[in-house]
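Chemist: My structure is stored as structure08.tsv, with TSV, C-alpha atoms and all ligand atoms.
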chain	number	residue	atom	x	y	z
A	29	MET	CA	1.76	13.94	-25.90
A	30	VAL	CA	3.56	10.60	-25.94
A	31	LEU	CA	4.87	11.24	-29.44
A	32	GLN	CA	6.31	14.59	-28.47
A	33	GLN	CA	7.84	13.09	-25.39
A	34	ALA	CA	9.48	10.49	-27.59
A	35	GLN	CA	10.72	13.17	-29.97
A	36	ARG	CA	12.26	15.08	-27.09
A	37	GLN	CA	14.25	12.10	-25.92
A	38	SER	CA	17.86	12.26	-26.92
A	39	GLU	CA	20.01	9.30	-27.77
A	40	ASN	CA	23.19	8.16	-26.10
A	41	GLU	CA	26.22	6.89	-28.01
A	42	ALA	CA	24.80	3.41	-28.28
A	43	GLY	CA	21.71	4.88	-29.93
A	44	THR	CA	19.51	4.13	-26.94
A	45	ALA	CA	16.90	6.75	-26.02
A	46	VAL	CA	17.76	8.61	-22.83
A	47	ARG	CA	15.00	10.17	-20.76
A	48	HIS	CA	15.91	13.37	-18.97
A	49	SER	CA	14.60	14.49	-15.63
A	50	ALA	CA	12.99	17.91	-15.80
A	51	ILE	CA	12.37	17.94	-12.05
A	52	ARG	CA	14.24	15.82	-9.58
A	53	ALA	CA	13.86	16.07	-5.82
A	54	ASP	CA	15.79	13.84	-3.44
A	55	ASP	CA	14.58	13.45	0.12
A	56	VAL	CA	13.53	17.09	0.46
A	57	HIS	CA	12.60	18.36	3.91
A	58	VAL	CA	11.40	21.90	4.62
A	59	THR	CA	10.98	23.11	8.19
A	60	TYR	CA	9.74	26.67	8.78
A	61	ASP	CA	11.38	28.92	11.39
A	62	ASP	CA	8.53	28.24	13.83
A	63	GLY	CA	9.36	24.51	13.70
A	64	THR	CA	6.53	23.46	11.35
A	65	GLU	CA	7.75	20.49	9.32
A	66	ALA	CA	5.81	21.27	6.16
A	67	VAL	CA	7.71	18.86	3.84
A	68	ARG	CA	9.08	15.64	5.28
A	69	GLY	CA	11.14	13.69	2.77
A	70	VAL	CA	9.69	14.31	-0.69
A	71	SER	CA	11.44	12.55	-3.59
A	72	LEU	CA	10.25	12.83	-7.15
A	73	ASP	CA	11.42	12.46	-10.71
A	74	VAL	CA	9.40	14.18	-13.41
A	75	GLU	CA	10.47	13.54	-16.98
A	76	GLU	CA	10.69	16.11	-19.75
A	77	GLY	CA	7.30	16.54	-21.39
A	78	GLU	CA	5.34	15.00	-18.52
A	79	PHE	CA	2.24	16.59	-17.03
A	80	PHE	CA	2.69	15.81	-13.33
A	81	GLY	CA	0.02	16.51	-10.71
A	82	PHE	CA	0.66	17.06	-7.04
A	83	LEU	CA	-2.53	16.30	-5.24
A	84	GLY	CA	-3.31	16.75	-1.58
A	85	PRO	CA	-5.64	18.36	0.94
A	86	ASN	CA	-5.19	21.83	2.36
A	87	GLY	CA	-2.07	22.04	4.50
A	88	ALA	CA	-0.47	18.91	2.98
A	89	GLY	CA	2.61	20.87	1.90
A	90	LYS	CA	1.93	21.44	-1.81
A	91	THR	CA	2.76	25.16	-1.87
A	92	THR	CA	5.83	24.70	0.31
A	93	THR	CA	7.08	22.00	-2.07
A	94	ILE	CA	6.45	24.02	-5.21
A	95	LYS	CA	8.13	27.09	-3.68
A	96	THR	CA	11.12	24.92	-2.91
A	97	LEU	CA	11.24	23.57	-6.46
A	98	VAL	CA	11.21	27.11	-7.90
A	99	THR	CA	13.98	28.31	-5.51
A	100	LEU	CA	11.79	30.60	-3.36
A	101	LEU	CA	12.50	28.38	-0.35
A	102	HIS	CA	15.56	26.28	0.37
A	103	PRO	CA	15.31	22.69	1.52
A	104	THR	CA	16.30	22.21	5.13
A	105	GLN	CA	17.60	18.83	3.98
A	106	GLY	CA	17.83	17.09	0.61
A	107	SER	CA	18.40	18.47	-2.90
A	108	VAL	CA	16.51	19.59	-5.97
A	109	ARG	CA	17.59	19.71	-9.61
A	110	ILE	CA	15.48	21.46	-12.24
A	111	ASN	CA	16.46	21.02	-15.89
A	112	GLY	CA	19.71	19.60	-14.54
A	113	TYR	CA	20.53	22.70	-12.43
A	114	ASP	CA	20.89	22.48	-8.66
A	115	THR	CA	18.46	24.90	-6.95
A	116	LYS	CA	21.01	25.74	-4.26
A	117	THR	CA	24.12	26.34	-6.35
A	118	ASP	CA	22.50	27.34	-9.65
A	119	ALA	CA	19.34	29.16	-8.56
A	120	ARG	CA	19.63	31.75	-11.30
A	121	ALA	CA	19.87	29.15	-14.08
A	122	VAL	CA	16.88	27.37	-12.56
A	123	ARG	CA	14.81	30.57	-12.53
A	124	GLU	CA	15.69	31.37	-16.13
A	125	SER	CA	14.55	27.93	-17.25
A	126	ILE	CA	11.15	27.85	-15.54
A	127	GLY	CA	7.80	29.59	-15.45
A	128	TYR	CA	6.04	29.81	-12.08
A	129	MET	CA	2.41	30.75	-11.63
A	130	ALA	CA	1.81	31.37	-7.94
A	131	GLN	CA	-1.61	31.28	-6.29
A	132	GLU	CA	-1.54	35.06	-6.05
A	133	THR	CA	-1.71	36.65	-9.47
A	134	SER	CA	1.30	38.51	-10.80
A	135	ILE	CA	-0.56	40.62	-13.34
A	136	ASP	CA	-1.16	44.36	-13.02
A	137	PHE	CA	-4.91	44.89	-13.33
A	138	GLU	CA	-4.52	48.52	-14.37
A	139	LEU	CA	-2.61	47.46	-17.46
A	140	THR	CA	-3.72	45.69	-20.64
A	141	PRO	CA	-2.64	42.15	-21.62
A	142	CYS	CA	-0.17	43.67	-24.12
A	143	GLU	CA	1.36	45.88	-21.44
A	144	ASN	CA	1.51	43.06	-18.88
A	145	LEU	CA	3.23	40.80	-21.39
A	146	ARG	CA	5.69	43.53	-22.37
A	147	ILE	CA	6.70	43.92	-18.70
A	148	ALA	CA	7.07	40.17	-18.35
A	149	CYS	CA	9.30	40.10	-21.46
A	150	ARG	CA	11.54	42.73	-19.88
A	151	MET	CA	11.62	40.90	-16.55
A	152	TYR	CA	12.54	37.59	-18.15
A	153	GLY	CA	15.10	39.18	-20.46
A	154	VAL	CA	13.42	38.33	-23.77
A	155	PRO	CA	15.52	40.05	-26.50
A	156	LYS	CA	13.88	43.28	-27.70
A	157	ASP	CA	13.58	42.22	-31.32
A	158	GLN	CA	11.66	39.08	-30.31
A	159	ARG	CA	9.16	40.69	-27.94
A	160	ASP	CA	6.40	41.73	-30.40
A	161	GLU	CA	6.29	38.31	-32.01
A	162	ARG	CA	6.29	36.52	-28.63
A	163	ILE	CA	3.43	38.68	-27.33
A	164	GLU	CA	1.33	38.05	-30.44
A	165	GLU	CA	1.96	34.32	-30.14
A	166	LEU	CA	0.91	34.23	-26.47
A	167	LEU	CA	-2.20	36.36	-27.01
A	168	ASP	CA	-3.28	33.75	-29.54
A	169	LEU	CA	-2.36	30.84	-27.26
A	170	VAL	CA	-4.59	32.07	-24.42
A	171	ASP	CA	-7.25	33.58	-26.68
A	172	LEU	CA	-6.95	37.18	-25.47
A	173	ARG	CA	-6.21	38.85	-28.79
A	174	ASP	CA	-9.62	40.56	-28.97
A	175	VAL	CA	-9.09	42.22	-25.59
A	176	ALA	CA	-5.34	42.81	-25.94
A	177	ASP	CA	-5.73	46.55	-25.36
A	178	LYS	CA	-8.36	46.47	-22.60
A	179	ARG	CA	-7.42	46.92	-18.96
A	180	ALA	CA	-7.28	43.58	-17.12
A	181	GLU	CA	-9.44	44.86	-14.23
A	182	THR	CA	-12.51	44.42	-16.46
A	183	PHE	CA	-11.69	40.74	-17.08
A	184	SER	CA	-13.41	37.67	-15.61
A	185	GLY	CA	-11.40	35.46	-13.20
A	186	GLY	CA	-10.78	32.96	-16.02
A	187	MET	CA	-9.43	35.63	-18.37
A	188	GLN	CA	-7.13	36.94	-15.65
A	189	LYS	CA	-5.78	33.41	-15.05
A	190	ARG	CA	-5.18	33.00	-18.78
A	191	LEU	CA	-3.24	36.25	-18.86
A	192	ASP	CA	-1.31	35.11	-15.80
A	193	THR	CA	-0.46	31.86	-17.60
A	194	ALA	CA	0.77	33.79	-20.63
A	195	THR	CA	3.06	36.04	-18.56
A	196	VAL	CA	4.97	33.06	-17.16
A	197	LEU	CA	5.56	31.70	-20.67
A	198	VAL	CA	7.19	34.72	-22.36
A	199	HIS	CA	10.70	33.25	-22.17
A	200	ARG	CA	9.51	29.85	-23.47
A	201	PRO	CA	10.49	27.94	-20.33
A	202	PRO	CA	10.79	24.16	-20.75
A	203	VAL	CA	9.20	23.62	-17.31
A	204	VAL	CA	6.15	25.37	-15.88
A	205	PHE	CA	4.95	25.23	-12.27
A	206	LEU	CA	1.30	25.99	-11.60
A	207	ASP	CA	0.18	26.33	-7.97
A	208	GLU	CA	-3.56	25.59	-7.67
A	209	PRO	CA	-4.17	27.49	-10.90
A	210	THR	CA	-7.95	27.08	-11.09
A	211	THR	CA	-8.98	27.70	-7.48
A	212	GLY	CA	-11.93	30.08	-7.44
A	213	LEU	CA	-12.85	29.66	-11.12
A	214	ASP	CA	-16.31	28.56	-12.20
A	215	PRO	CA	-16.52	25.18	-14.00
A	216	GLU	CA	-16.68	26.70	-17.49
A	217	ALA	CA	-13.68	28.97	-16.91
A	218	ARG	CA	-11.82	26.02	-15.41
A	219	LEU	CA	-12.41	23.94	-18.55
A	220	ARG	CA	-11.03	26.72	-20.74
A	221	VAL	CA	-7.94	27.16	-18.60
A	222	TRP	CA	-7.36	23.38	-18.72
A	223	ASN	CA	-7.40	23.64	-22.48
A	224	TYR	CA	-4.46	26.09	-22.39
A	225	PHE	CA	-2.47	23.95	-19.99
A	226	GLU	CA	-2.95	21.00	-22.34
A	227	LYS	CA	-1.83	23.12	-25.29
A	228	ILE	CA	1.33	24.18	-23.46
A	229	ASN	CA	2.07	20.55	-22.60
A	230	ASP	CA	1.32	19.41	-26.16
A	231	GLN	CA	3.96	21.87	-27.32
A	232	GLY	CA	6.47	19.90	-25.23
A	233	THR	CA	6.53	21.90	-21.97
A	234	THR	CA	6.83	19.90	-18.76
A	235	VAL	CA	4.03	20.91	-16.40
A	236	PHE	CA	4.02	20.50	-12.62
A	237	LEU	CA	0.62	21.34	-11.20
A	238	THR	CA	-0.69	21.35	-7.66
A	239	THR	CA	-4.39	20.94	-7.16
A	240	GLN	CA	-7.06	20.03	-4.66
A	241	TYR	CA	-9.40	19.03	-7.50
A	242	LEU	CA	-9.48	15.33	-8.27
A	243	GLU	CA	-11.24	15.94	-11.55
A	244	GLU	CA	-8.52	18.34	-12.63
A	245	ALA	CA	-5.81	15.82	-11.79
A	246	ASN	CA	-7.67	13.07	-13.62
A	247	GLU	CA	-8.29	15.15	-16.70
A	248	LEU	CA	-4.85	16.69	-17.17
A	249	CYS	CA	-2.12	14.66	-15.54
A	250	ASP	CA	0.00	11.83	-16.95
A	251	ARG	CA	1.09	10.97	-13.45
A	252	LEU	CA	0.18	11.96	-9.93
A	253	GLY	CA	1.85	12.20	-6.57
A	254	LEU	CA	-0.45	12.12	-3.56
A	255	LEU	CA	0.83	14.32	-0.76
A	256	GLN	CA	-0.25	14.04	2.82
A	257	ASP	CA	1.33	15.61	5.89
A	258	GLY	CA	4.42	16.60	3.92
A	259	ARG	CA	5.01	13.13	2.47
A	260	ILE	CA	4.25	11.55	-0.90
A	261	THR	CA	2.17	8.53	0.00
A	262	HIS	CA	1.60	7.23	-3.55
A	263	THR	CA	2.63	7.98	-7.12
A	264	GLY	CA	1.26	6.59	-10.35
A	265	THR	CA	-0.84	7.29	-13.42
A	266	PRO	CA	-4.47	8.14	-12.59
A	267	ASP	CA	-5.47	4.72	-13.99
A	268	ALA	CA	-2.84	2.84	-11.98
A	269	LEU	CA	-3.94	4.60	-8.81
A	270	LYS	CA	-7.56	3.77	-9.55
A	271	SER	CA	-6.87	0.11	-10.21
A	272	ALA	CA	-4.78	-0.02	-7.03
A	273	VAL	CA	-7.94	0.65	-5.02
A	274	GLY	CA	-10.46	-1.54	-6.82
A	275	THR	CA	-11.68	-3.30	-9.92
A	276	ASP	CA	-14.26	-2.53	-12.59
A	277	THR	CA	-17.67	-4.02	-11.85
A	278	VAL	CA	-19.88	-5.02	-14.78
A	279	THR	CA	-23.56	-5.76	-14.27
A	280	LEU	CA	-25.28	-7.61	-17.12
A	281	THR	CA	-29.06	-8.00	-17.31
A	282	LEU	CA	-30.04	-10.85	-19.62
A	283	LYS	CA	-33.18	-11.08	-21.73
A	284	ASN	CA	-33.80	-14.65	-20.65
A	285	PRO	CA	-31.88	-15.24	-17.40
A	286	SER	CA	-32.54	-18.99	-17.33
A	287	ASP	CA	-29.90	-21.32	-15.86
A	288	GLY	CA	-28.87	-22.32	-19.38
A	289	THR	CA	-28.43	-18.72	-20.62
A	290	ARG	CA	-26.48	-17.72	-17.55
A	291	ARG	CA	-24.24	-20.76	-17.94
A	292	ARG	CA	-23.54	-19.84	-21.59
A	293	ALA	CA	-22.85	-16.26	-20.45
A	294	VAL	CA	-20.38	-17.42	-17.78
A	295	ASN	CA	-18.58	-19.62	-20.33
A	296	ALA	CA	-18.45	-16.70	-22.78
A	297	VAL	CA	-16.85	-14.47	-20.13
A	298	ARG	CA	-14.33	-17.20	-19.28
A	299	ARG	CA	-13.35	-17.46	-22.95
A	300	LEU	CA	-12.16	-13.82	-22.90
A	301	LYS	CA	-8.41	-14.27	-22.59
A	302	ASP	CA	-7.71	-10.56	-22.16
A	303	LEU	CA	-10.14	-10.05	-19.30
A	304	ASP	CA	-8.45	-10.15	-15.88
A	305	THR	CA	-11.47	-11.65	-14.22
A	306	ALA	CA	-11.53	-11.61	-10.46
A	307	THR	CA	-15.04	-12.97	-9.93
A	308	ILE	CA	-18.14	-13.91	-11.94
A	309	GLU	CA	-21.36	-14.06	-9.97
A	310	ARG	CA	-24.78	-15.20	-11.15
A	311	THR	CA	-27.62	-12.86	-10.14
A	312	ALA	CA	-31.39	-13.23	-10.54
A	313	ASP	CA	-31.28	-11.13	-13.77
A	314	GLY	CA	-27.95	-12.13	-15.20
A	315	LEU	CA	-24.33	-11.75	-14.10
A	316	THR	CA	-21.96	-9.50	-12.18
A	317	ILE	CA	-18.32	-9.55	-13.27
A	318	GLU	CA	-15.43	-8.00	-11.39
A	319	ALA	CA	-12.27	-7.43	-13.41
A	320	ASP	CA	-9.42	-4.91	-13.47
A	321	ASN	CA	-9.79	-4.14	-17.14
A	322	ALA	CA	-13.48	-4.71	-17.89
A	323	ARG	CA	-13.90	-1.23	-19.34
A	324	SER	CA	-11.22	-1.72	-21.94
A	325	THR	CA	-12.53	-5.14	-23.01
A	326	THR	CA	-16.24	-4.27	-23.32
A	327	SER	CA	-16.49	-4.78	-27.07
A	328	GLU	CA	-14.83	-8.23	-26.89
A	329	LEU	CA	-17.26	-9.14	-24.10
A	330	PHE	CA	-20.25	-8.24	-26.26
A	331	THR	CA	-18.85	-10.11	-29.26
A	332	GLU	CA	-18.35	-13.25	-27.16
A	333	LEU	CA	-21.83	-13.01	-25.61
A	334	ALA	CA	-23.43	-12.57	-29.03
A	335	ALA	CA	-21.50	-15.59	-30.35
A	336	ALA	CA	-22.87	-17.60	-27.41
A	337	ASP	CA	-26.40	-16.44	-28.32
A	338	VAL	CA	-26.82	-14.50	-25.06
A	339	GLU	CA	-29.04	-11.42	-25.36
A	340	VAL	CA	-28.22	-8.52	-23.03
A	341	THR	CA	-31.01	-6.03	-22.19
A	342	ASP	CA	-29.06	-3.81	-19.80
A	343	PHE	CA	-25.39	-3.17	-19.14
A	344	ASP	CA	-23.71	-1.15	-16.42
A	345	ILE	CA	-20.04	-0.68	-15.62
A	346	GLN	CA	-18.60	0.99	-12.52
A	347	SER	CA	-14.92	1.87	-12.21
A	348	PRO	CA	-13.07	3.31	-9.23
A	349	THR	CA	-12.69	7.10	-9.35
A	350	LEU	CA	-9.91	9.30	-8.01
A	351	ASP	CA	-12.29	10.07	-5.15
A	352	ASP	CA	-12.11	6.37	-4.23
A	353	VAL	CA	-8.32	6.57	-4.53
A	354	PHE	CA	-8.19	9.49	-2.20
A	355	LEU	CA	-10.60	8.03	0.32
A	356	THR	CA	-8.91	4.63	0.31
A	357	LEU	CA	-5.22	5.47	-0.04
A	358	ALA	CA	-5.18	8.69	1.96
A	359	GLY	CA	-7.07	6.90	4.71
A	360	GLU	CA	-4.40	4.23	5.03
A	361	ASP	CA	-1.77	4.47	7.74
A	362	ASP	CA	0.65	7.35	7.25
A	363	SER	CA	3.73	5.25	7.84
A	364	SER	CA	6.85	6.84	6.44
A	365	ASP	CA	7.81	3.66	4.61
A	366	THR	CA	6.09	4.31	1.29
A	367	SER	CA	8.28	2.19	-0.94
A	368	THR	CA	5.99	-0.82	-1.10
A	369	LYS	CA	2.91	1.18	-1.91
A	370	ASP	CA	4.73	3.25	-4.52
A	371	ASP	CA	6.10	0.16	-6.19
A	372	THR	CA	2.64	-1.24	-6.73
A	373	VAL	CA	1.56	1.73	-8.80
A	374	SER	CA	4.67	3.27	-10.25
A	375	ALA	CA	7.88	1.91	-11.56
A	376	ARG	CA	9.12	5.45	-11.93
A	377	ALA	CA	8.87	6.54	-8.31
A	378	VAL	CA	12.27	7.66	-7.16
A	379	ALA	CA	14.09	4.98	-5.22
A	380	ARG	CA	14.74	6.10	-1.68
A	401	LIG	P1	-0.83	23.27	0.97
A	401	LIG	O1	-0.29	24.11	-0.15
A	401	LIG	O2	-0.90	21.80	0.64
A	401	LIG	O3	-2.15	23.79	1.46
A	401	LIG	P2	1.27	24.48	2.59
A	401	LIG	O4	2.57	24.15	1.96
A	401	LIG	O5	0.71	25.85	2.36
A	401	LIG	O6	0.20	23.36	2.20
A	401	LIG	O7	1.39	24.28	4.16
A	401	LIG	C1	1.97	23.10	4.75
A	401	LIG	C2	2.09	23.32	6.25
A	401	LIG	O8	3.03	24.36	6.50
A	401	LIG	C3	0.80	23.78	6.93
A	401	LIG	O9	0.76	23.19	8.20
A	401	LIG	C4	0.95	25.27	7.00
A	401	LIG	O10	0.21	25.79	8.09
A	401	LIG	C5	2.45	25.42	7.25
A	401	LIG	N1	2.99	26.67	6.73
A	401	LIG	C6	2.86	27.20	5.50
A	401	LIG	N2	3.55	28.35	5.36
A	401	LIG	C7	4.15	28.57	6.59
A	401	LIG	C8	5.01	29.59	7.09
A	401	LIG	N3	5.39	30.61	6.33
A	401	LIG	N4	5.43	29.46	8.37
A	401	LIG	C9	5.07	28.42	9.14
A	401	LIG	N5	4.26	27.41	8.70
A	401	LIG	C10	3.80	27.49	7.46
Step by step, read the file and then write its structure as structure tokens.
Ligand code: ADP
Modeler:
Amino acid sequence: MVLQQAQRQSENEAGTAVRHSAIRADDVHVTYDDGTEAVRGVSLDVEEGEFFGFLGPNGAGKTTTIKTLVTLLHPTQGSVRINGYDTKTDARAVRESIGYMAQETSIDFELTPCENLRIACRMYGVPKDQRDERIEELLDLVDLRDVADKRAETFSGGMQKRLDTATVLVHRPPVVFLDEPTTGLDPEARLRVWNYFEKINDQGTTVFLTTQYLEEANELCDRLGLLQDGRITHTGTPDALKSAVGTDTVTLTLKNPSDGTRRRAVNAVRRLKDLDTATIERTADGLTIEADNARSTTSELFTELAAADVEVTDFDIQSPTLDDVFLTLAGEDDSSDTSTKDDTVSARAVAR
């Protein structure tokens, strides 16, 4: 993913790589006619090739935001640029350069995948002489070739979602928006659909996904924005968000937890230069270590302990999860000044 992103970067005259924004929103507000302020100052900058996740509880404003990004709603205040086009003044160019999979399916269940894709090709203006090839390619991408001529009404929910995904890709859009694409799917179907989203992203497509599923966000996204009450409260990589709420905790059980062994173990841990140790505590059985990066330095830890002749009989490591992120960060005050919190987890959050 990173390699492709690098390949997609262009160079300026000085030969320096320039990163392009695929999606840029500046202080977007959306107020519905009944006065509901669904989006209250969203700013984001998603780079070409990124897989960006928009995470938030029901009613947070995810669908309103995504509809605004794809030109179905206009911001009451603020501006949006997609692939460099302004959604207000260049809505048509925006629409031609994106794929949008809404929560409600756009496929016709009485038709076959081939027929659905043919209609989508017409709608998106794919040149006639390219349609057959494009349809074949997409049937392969979403694994529906074997059922290409069966009516979609006989399909499982997962197969229908895959067909839906294919229909928004017929014009090879560089940016794809997916609004809660796996809601209602069973875990196995969800895993398969994830696989296709990853494939699309691996081919260089920027993906903007809204989800209520933490696991989905963790699995797929390079970077996340947490939305609450119409505001982005935090942005960052899943790992940065997790380390913002806590550290890894390592529990070591030693074969011979005598004072001498535990002392050698403590010294071994202290010798690990790469370990960002917060605390080392002696327990009855061994040690507990808290460190930001314990998981990524496990092998060095074991090497150092072995060199100090410390035998470990049990080892456990606990890291914060996105659930912890959500519970901790979303539970914080909902002050509108988010700049400090954003800065701690993301250098790429859009300056306000
Ligand atoms: P999410 O996708 O995160 O569940 P939505 O964008 O659907 O959130 O909704 C955000 C807020 O806007 C909610 O309070 C919702 O009730 C309200 N809302 C959504 N659509 C409309 C509408 N058409 N008219 C008025 N309020 C709406």
Chemist: For Asp174 (chain A), find every residue with an atom within 12 Å (counting all atoms listed in the file), except residues of its own chain fewer than 6 positions away, and show them as number ranges by chain.
Modeler: A: 140-142, 164, 167-168, 187
Chemist: Go ahead and write the selection's residues with C-alpha atoms as a compact mmCIF listing (two decimals), keeping the file's coordinate frame.
Modeler:
# COMPACT_ATOMS: atom_id res chain seq x y z
CA THR A 140 -3.72 45.69 -20.64
CA PRO A 141 -2.64 42.15 -21.62
CA CYS A 142 -0.17 43.67 -24.12
CA GLU A 164 1.33 38.05 -30.44
CA LEU A 167 -2.20 36.36 -27.01
CA ASP A 168 -3.28 33.75 -29.54
CA MET A 187 -9.43 35.63 -18.37
Chemist: Quick one, how far is CA of Asp267 (chain A) from CA of Pro348 (chain A)?
Modeler: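 Between these atoms lies a distance of 9.1 Å.
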Chemist: So which one's closest to Ala176 (chain A), A:Ala334, A:Val340, A:Ile163, A:Ala88? Using only C-alpha atoms, please.
Modeler: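 Looking at the shortest contact to Ala176 (chain A), the residue is A:Ile163.
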Chemist: Rank A:Thr238, A:Gln346, A:Thr263, A:Thr182 by their smallest atom-to-atom distance to ligand LIG 401 (chain A), using all atoms listed in the file, and report the top residue only.
Modeler: A:Thr238
Chemist: Taking all atoms listed in the file and a cut-off of 9 Å, can you tell me which residues surround ligand LIG 401 (chain A), written as a JSON list (two decimals) with C-alpha atoms, in the frame of the given file?
Modeler:
[["chain", "number", "residue", "atom", "x", "y", "z"],
["A", 58, "VAL", "CA", 11.40, 21.90, 4.62],
["A", 59, "THR", "CA", 10.98, 23.11, 8.19],
["A", 60, "TYR", "CA", 9.74, 26.67, 8.78],
["A", 61, "ASP", "CA", 11.38, 28.92, 11.39],
["A", 62, "ASP", "CA", 8.53, 28.24, 13.83],
["A", 63, "GLY", "CA", 9.36, 24.51, 13.70],
["A", 64, "THR", "CA", 6.53, 23.46, 11.35],
["A", 65, "GLU", "CA", 7.75, 20.49, 9.32],
["A", 66, "ALA", "CA", 5.81, 21.27, 6.16],
["A", 67, "VAL", "CA", 7.71, 18.86, 3.84],
["A", 83, "LEU", "CA", -2.53, 16.30, -5.24],
["A", 84, "GLY", "CA", -3.31, 16.75, -1.58],
["A", 85, "PRO", "CA", -5.64, 18.36, 0.94],
["A", 86, "ASN", "CA", -5.19, 21.83, 2.36],
["A", 87, "GLY", "CA", -2.07, 22.04, 4.50],
["A", 88, "ALA", "CA", -0.47, 18.91, 2.98],
["A", 89, "GLY", "CA", 2.61, 20.87, 1.90],
["A", 90, "LYS", "CA", 1.93, 21.44, -1.81],
["A", 91, "THR", "CA", 2.76, 25.16, -1.87],
["A", 92, "THR", "CA", 5.83, 24.70, 0.31],
["A", 93, "THR", "CA", 7.08, 22.00, -2.07],
["A", 94, "ILE", "CA", 6.45, 24.02, -5.21],
["A", 95, "LYS", "CA", 8.13, 27.09, -3.68],
["A", 207, "ASP", "CA", 0.18, 26.33, -7.97],
["A", 208, "GLU", "CA", -3.56, 25.59, -7.67],
["A", 238, "THR", "CA", -0.69, 21.35, -7.66],
["A", 239, "THR", "CA", -4.39, 20.94, -7.16],
["A", 240, "GLN", "CA", -7.06, 20.03, -4.66],
["A", 255, "LEU", "CA", 0.83, 14.32, -0.76],
["A", 256, "GLN", "CA", -0.25, 14.04, 2.82],
["A", 257, "ASP", "CA", 1.33, 15.61, 5.89],
["A", 258, "GLY", "CA", 4.42, 16.60, 3.92]]
Chemist: I'd like to know which of A:Asp313, A:Glu132, A:Asp160, A:Glu76 is closest to Lys283 (chain A), using only C-alpha atoms.
Modeler: A:Asp313
Chemist: So that I can check the surroundings of Pro202 (chain A), please list as a PDB file with C-alpha atoms, in the coordinates of the input every protein, DNA and RNA residue that reaches within 7 Å of it, counting only C-alpha atoms and ignoring chain neighbours fewer than 2 positions away.
Modeler:
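The result, written out as result-v6.pdb:
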ATOM      1  CA  SER A 125      14.550  27.930 -17.250  1.00  0.00           C
ATOM      2  CA  ILE A 126      11.150  27.850 -15.540  1.00  0.00           C
ATOM      3  CA  ARG A 200       9.510  29.850 -23.470  1.00  0.00           C
ATOM      4  CA  VAL A 204       6.150  25.370 -15.880  1.00  0.00           C
ATOM      5  CA  THR A 233       6.530  21.900 -21.970  1.00  0.00           C
ATOM      6  CA  THR A 234       6.830  19.900 -18.760  1.00  0.00           C
TER       7      THR A 234
END
Chemist: Do you know which residues are at most 8 Å from Thr316 (chain A) counting all atoms listed in the file, after dropping those on the same chain fewer than 5 positions away, and could you put them as a list in words?
Modeler: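 Near neighbours after the sequence-gap exclusion: Thr277, Val278, Thr279, Leu280, Ile308, Glu309, Arg310 and Thr311 of chain A.
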Chemist: Atoms to include: C-alpha atoms. Write the selected residues as a PDB file, in the coordinates of the input.
Modeler:
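So the final result, stored in part34.pdb, reads:
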ATOM      1  CA  THR A 277     -17.670  -4.020 -11.850  1.00  0.00           C
ATOM      2  CA  VAL A 278     -19.880  -5.020 -14.780  1.00  0.00           C
ATOM      3  CA  THR A 279     -23.560  -5.760 -14.270  1.00  0.00           C
ATOM      4  CA  LEU A 280     -25.280  -7.610 -17.120  1.00  0.00           C
ATOM      5  CA  ILE A 308     -18.140 -13.910 -11.940  1.00  0.00           C
ATOM      6  CA  GLU A 309     -21.360 -14.060  -9.970  1.00  0.00           C
ATOM      7  CA  ARG A 310     -24.780 -15.200 -11.150  1.00  0.00           C
ATOM      8  CA  THR A 311     -27.620 -12.860 -10.140  1.00  0.00           C
TER       9      THR A 311
END
Chemist: Separation of CA of Arg292 (chain A) and CA of Ile345 (chain A), in Å?
Modeler: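 Taking CA of Arg292 (chain A) and CA of Ile345 (chain A), their separation equals 20.4 Å.
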Chemist: Calculate how many Å separate CA of Thr331 (chain A) from CA of Thr307 (chain A), rounding to one decimal.
Modeler: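 Rounded to one decimal, the two atoms are 19.9 Å apart.
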Chemist: Please list, as a PyMOL selection string, the residues that have an atom at most 9 Å away from (10.6, 13.2, -8.6) in the coordinates of this file, counting all atoms listed in the file.
Modeler: chain A and resi 49-54+70-75+376-378
Chemist: Using all atoms listed in the file, which residues sit within 12 Å of Pro201 (chain A) once same-chain residues fewer than 3 positions away are excluded, as a CSV table (one decimal) with C-alpha atoms, keeping the file's coordinate frame?
Modeler:
chain,number,residue,atom,x,y,z
A,50,ALA,CA,13.0,17.9,-15.8
A,76,GLU,CA,10.7,16.1,-19.8
A,77,GLY,CA,7.3,16.5,-21.4
A,110,ILE,CA,15.5,21.5,-12.2
A,111,ASN,CA,16.5,21.0,-15.9
A,121,ALA,CA,19.9,29.2,-14.1
A,122,VAL,CA,16.9,27.4,-12.6
A,123,ARG,CA,14.8,30.6,-12.5
A,124,GLU,CA,15.7,31.4,-16.1
A,125,SER,CA,14.6,27.9,-17.2
A,126,ILE,CA,11.2,27.8,-15.5
A,127,GLY,CA,7.8,29.6,-15.4
A,128,TYR,CA,6.0,29.8,-12.1
A,152,TYR,CA,12.5,37.6,-18.2
A,154,VAL,CA,13.4,38.3,-23.8
A,193,THR,CA,-0.5,31.9,-17.6
A,194,ALA,CA,0.8,33.8,-20.6
A,195,THR,CA,3.1,36.0,-18.6
A,196,VAL,CA,5.0,33.1,-17.2
A,197,LEU,CA,5.6,31.7,-20.7
A,198,VAL,CA,7.2,34.7,-22.4
A,204,VAL,CA,6.2,25.4,-15.9
A,205,PHE,CA,5.0,25.2,-12.3
A,228,ILE,CA,1.3,24.2,-23.5
A,229,ASN,CA,2.1,20.6,-22.6
A,231,GLN,CA,4.0,21.9,-27.3
A,232,GLY,CA,6.5,19.9,-25.2
A,233,THR,CA,6.5,21.9,-22.0
A,234,THR,CA,6.8,19.9,-18.8
A,235,VAL,CA,4.0,20.9,-16.4
